[in-house]
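Visitor: Have a look at this one.
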Amino acid sequence: MRRAIFFPIRLFIQFFEGIGAYTVLMVSVFRSFKHWHHSFGFTIDQMIYIGVRSIPIVILTALFSGMVTSVQSAYQFSSWVPSWYVGSVVGNSVLLELAPMITGLVLTGRVGATIAAEIGTMRVTEQIDALESLSFDPVSFLILPRVVAGTIMFPFLIIIADVCGVFGGWVAATTTMDVTTYEFIKGFRTWFHPWDAWFGLIKALTFGFTITSIACYQGYYTKGGALGVGKATTMTVVISCVSIVFLDYLLAALLL
Amino acid sequence: MIKVLDLQKTFEEKHVLKGIDFIVNTGETFAIIGKSGSGKSVLLKHLIGLLKPDAGEVWMDGKLISAMSFRKLQQIREKIGMVFQSGALFDSMTVGENIELALKKLTKLSGNSLKDRVIESLASVGLEGTEKMMPAELSGGMKKRVGIARAIAIKPEYMFYDEPTTGLDPIMTDAMNRLIKKFKIEEKITTVIVTHEMLTVYDVVDRVILLHEGKIQFDGSPENIKKSEDLVVKQFITGDSTLLSQE
């Protein structure tokens with residue numbers, strides 16, 4: 001009974017302890033910026049891993065997201081909505097929501113889980129202690145390169161997702177429906193606002209920082225052995241997904 | 001010289017170290033023994049500044065390292081070699097790169113002299129020609145020896161070993177003890193070893209402390225520990241699990 005009463009209180013305290021520890025770690029990351037040149041090589045390696053190696057999965061998910069948006073919007077249009085509106089729906093949906101959101105969620109699994117598992121394993125096998133004993137600052141050696149690489153590379157991935165999503169929508173519209181290329185482009189251009197694309201890029205920056213920083217935090221504070229690494233990885237995916245959805249709403253409410 | 005004064009550490013509700021005091025003299029080989037979970041590795045991590053105490057002080061060569069910032073500790077760590085329990089080699093780097101990383105950070109070596117130091121360090125632990133191997137390709141004993149090579153490569157004044165012989169077969173244990181002795185004699189390094197192995201204590205060290213329930217139960221030479229009438233000490237050195245329950 002006592003445990004049941006204290007459980008929510010303990011959970012509440014743990015939540016704020018977590019926020020505090022995350023903030024302290026991020027302050028250390030920002031402080032270690034002045035030594036960024038020491039970890040420049042590692043940052044490039046991480047940019048290749050997070051950015052370049054994620055391109056295939058980003059293309060694939062964006063392509064199908066665009067295609068399904070195209071098919072479903074055409075399905076919902078009744079006879080009084082002109083078919084060229086498909087282009088506008090695909091354009092707005094992909095640029096504003098689908099490309100950043102779906103790419104963010106997919107990369108939470110691919111990038112976030114990997115970072116948490118890597119750093120968590122380094123923690124439980126004492127590799128982080130070894131780094132420190134060799135005078136390396138683990139924050140600027142391990143965390144800074146990953147957070148910087150994620151924040152820089154996510155916008156590029158979202159640009160690729162934007163292009164592929166719209167392309168997928170066009171392919172689906174012109175091959176499976178009665179929409180011509182001219183009509184699709186007309187629809188796309190009619191309701192296109194450059195701010196929508198910029199808004200997607202702002203989301204990308206935010207998601208890139210959020211996913212990589214949460215993953216680094218979870219990995220860095222991993223406790224225990226393999227079980228701890230598994231827990232850190234799961235927590236990374238869960239917290240990142242919830243954070244992305246929350247930030248998606250927050251940014252829309254603030255900037256649109 | 002290392003001086004530890006009234007060191008205390010608590011993790012959540014567990015009071016691991018309850019006031020530890022000892023001195024390790026320059027050139028001495030010093031062992032910390034005790035049951036699993038008695039706080040040996042925690043104590044060792046305090047000695048190199050990886051953990052901060054809740055109370056008490058750790059001094060090294062007249063400098064209070066327990067209250068030092070990370071930047072100041074970096075200077076102290078240039079003269080420290082640490083060998084971790086599992087070797088703690090960086091998985092993504094080859095054996096050679098593991099040692100180079102330490103040398104690039106802590107010494108001014110570069111080019112051929114850096115490569116030569118890597119080869120020399122690996123040769124000193126009997127692992128010539130393994131520079132291009134990945135840690136995953138090495139056995140447990142080899143990983144520990146590469147860990148020693150990485151630590152010894154920077155020519156440290158202090159060496160810290162965390163359970164260097166745990167999990168090794170008797171032959172490898174003997175080889176490891178010989179290595180520690182060799183560095184102690186040839187390089188005149190002040191050495192602190194955390195171990196369970198009484199063979200290592202009898203064979204290698206000058207002085208030993210036994211940790212029990214967060215305090216020092218015994219402090220003396222390996223010869224004296226054999227003669228101790230203290231039941232906790234006797235139980236540990238004989239490995240007789242029934243000794244205390246008989247009392």
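Naming works like this for the structure tokens: A, B, ... for the chains as they're shown, residue 1 at the start of each chain, ligands 1 onward in shown order.
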Write out, as JSON lines, each residue of chain B that has an atom at most 9 Å from chain A, together with the closest pair of atoms and their distance in Å to one decimal, counting only C-alpha atoms, rows going by chain and rising number.

Guide:
{"residue": "B:Lys45", "atom": "CA", "partner": "A:Asp129", "partner_atom": "CA", "distance": 8.9}
{"residue": "B:Ile48", "atom": "CA", "partner": "A:Ser133", "partner_atom": "CA", "distance": 7.4}
{"residue": "B:Gly49", "atom": "CA", "partner": "A:Ser133", "partner_atom": "CA", "distance": 8.4}
{"residue": "B:Leu50", "atom": "CA", "partner": "A:Asp129", "partner_atom": "CA", "distance": 7.0}
{"residue": "B:Phe70", "atom": "CA", "partner": "A:Asp137", "partner_atom": "CA", "distance": 8.0}
{"residue": "B:Arg71", "atom": "CA", "partner": "A:Ser135", "partner_atom": "CA", "distance": 8.5}
{"residue": "B:Leu73", "atom": "CA", "partner": "A:Ser135", "partner_atom": "CA", "distance": 7.8}
{"residue": "B:Gln74", "atom": "CA", "partner": "A:Ser135", "partner_atom": "CA", "distance": 4.8}
{"residue": "B:Gln75", "atom": "CA", "partner": "A:Ser135", "partner_atom": "CA", "distance": 7.9}
{"residue": "B:Ile76", "atom": "CA", "partner": "A:Ser135", "partner_atom": "CA", "distance": 8.9}
{"residue": "B:Arg77", "atom": "CA", "partner": "A:Ser135", "partner_atom": "CA", "distance": 6.2}
{"residue": "B:Glu78", "atom": "CA", "partner": "A:Ser135", "partner_atom": "CA", "distance": 7.3}
{"residue": "B:Ile80", "atom": "CA", "partner": "A:Ser133", "partner_atom": "CA", "distance": 7.7}
{"residue": "B:Gly81", "atom": "CA", "partner": "A:Ser133", "partner_atom": "CA", "distance": 7.7}
{"residue": "B:Met82", "atom": "CA", "partner": "A:Ser133", "partner_atom": "CA", "distance": 6.7}
{"residue": "B:Val83", "atom": "CA", "partner": "A:Ala130", "partner_atom": "CA", "distance": 8.3}
{"residue": "B:Phe84", "atom": "CA", "partner": "A:Glu126", "partner_atom": "CA", "distance": 7.3}
{"residue": "B:Gln85", "atom": "CA", "partner": "A:Glu126", "partner_atom": "CA", "distance": 8.4}
{"residue": "B:Ser86", "atom": "CA", "partner": "A:Thr125", "partner_atom": "CA", "distance": 7.1}
{"residue": "B:Gly87", "atom": "CA", "partner": "A:Glu126", "partner_atom": "CA", "distance": 8.4}
{"residue": "B:Ala88", "atom": "CA", "partner": "A:Gln127", "partner_atom": "CA", "distance": 4.8}
{"residue": "B:Leu89", "atom": "CA", "partner": "A:Gln127", "partner_atom": "CA", "distance": 6.5}
{"residue": "B:Phe90", "atom": "CA", "partner": "A:Gln127", "partner_atom": "CA", "distance": 6.3}
{"residue": "B:Asp91", "atom": "CA", "partner": "A:Met122", "partner_atom": "CA", "distance": 8.6}
{"residue": "B:Leu101", "atom": "CA", "partner": "A:Leu134", "partner_atom": "CA", "distance": 8.7}
{"residue": "B:Ala102", "atom": "CA", "partner": "A:Leu134", "partner_atom": "CA", "distance": 6.0}
{"residue": "B:Lys105", "atom": "CA", "partner": "A:Ser135", "partner_atom": "CA", "distance": 7.3}
{"residue": "B:Leu106", "atom": "CA", "partner": "A:Leu134", "partner_atom": "CA", "distance": 7.3}
{"residue": "B:Ala151", "atom": "CA", "partner": "A:Leu134", "partner_atom": "CA", "distance": 8.6}

Visitor: Looking only at the backbone, which of the residues in stretch 48-97 of chain A does DSSP tag as alpha helix (DSSP H), as a count of residues only?

Guide: 34

Visitor: Which one of A:Ala4, A:Val229, A:Leu105, A:Leu254 sits closest to A:Ile57 if you count only C-alpha atoms?

Guide: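 Ranking A:Ala4, A:Val229, A:Leu105, A:Leu254 by distance to A:Ile57, first place goes to A:Leu105.
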
Visitor: Which distance in Å separates atom CA of B:Gly141 and atom CA of B:Asp162, to one decimal?

Guide: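 According to the coordinates, atom CA of B:Gly141 and atom CA of B:Asp162 are separated by 13.7 Å.
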
Visitor: Find the residues around A:Thr61 up to 9 Å (only C-alpha atoms counted), leave out those fewer than 6 positions away in its own chain, and share them as a CSV table (one decimal) with N, CA and C atoms, in the first residue's frame.

Guide:
chain,number,residue,atom,x,y,z
A,99,ALA,N,7.4,14.6,-44.3
A,99,ALA,CA,8.9,14.4,-44.4
A,99,ALA,C,9.6,14.6,-43.1
A,102,ILE,N,8.0,11.7,-40.3
A,102,ILE,CA,8.3,10.2,-40.6
A,102,ILE,C,9.8,10.0,-40.6
A,103,THR,N,10.5,11.0,-41.2
A,103,THR,CA,12.0,10.8,-41.1
A,103,THR,C,12.5,10.8,-39.7
A,106,VAL,N,11.7,7.5,-38.1
A,106,VAL,CA,12.5,6.4,-38.6
A,106,VAL,C,14.0,6.5,-38.1
A,161,ALA,N,14.0,13.9,-48.2
A,161,ALA,CA,12.7,13.4,-48.0
A,161,ALA,C,11.6,14.2,-48.7
A,164,CYS,N,11.8,13.4,-52.4
A,164,CYS,CA,11.3,12.0,-52.7
A,164,CYS,C,9.8,11.9,-52.4
A,165,GLY,N,9.3,12.5,-51.4
A,165,GLY,CA,7.9,12.5,-51.0
A,165,GLY,C,7.1,13.0,-52.1
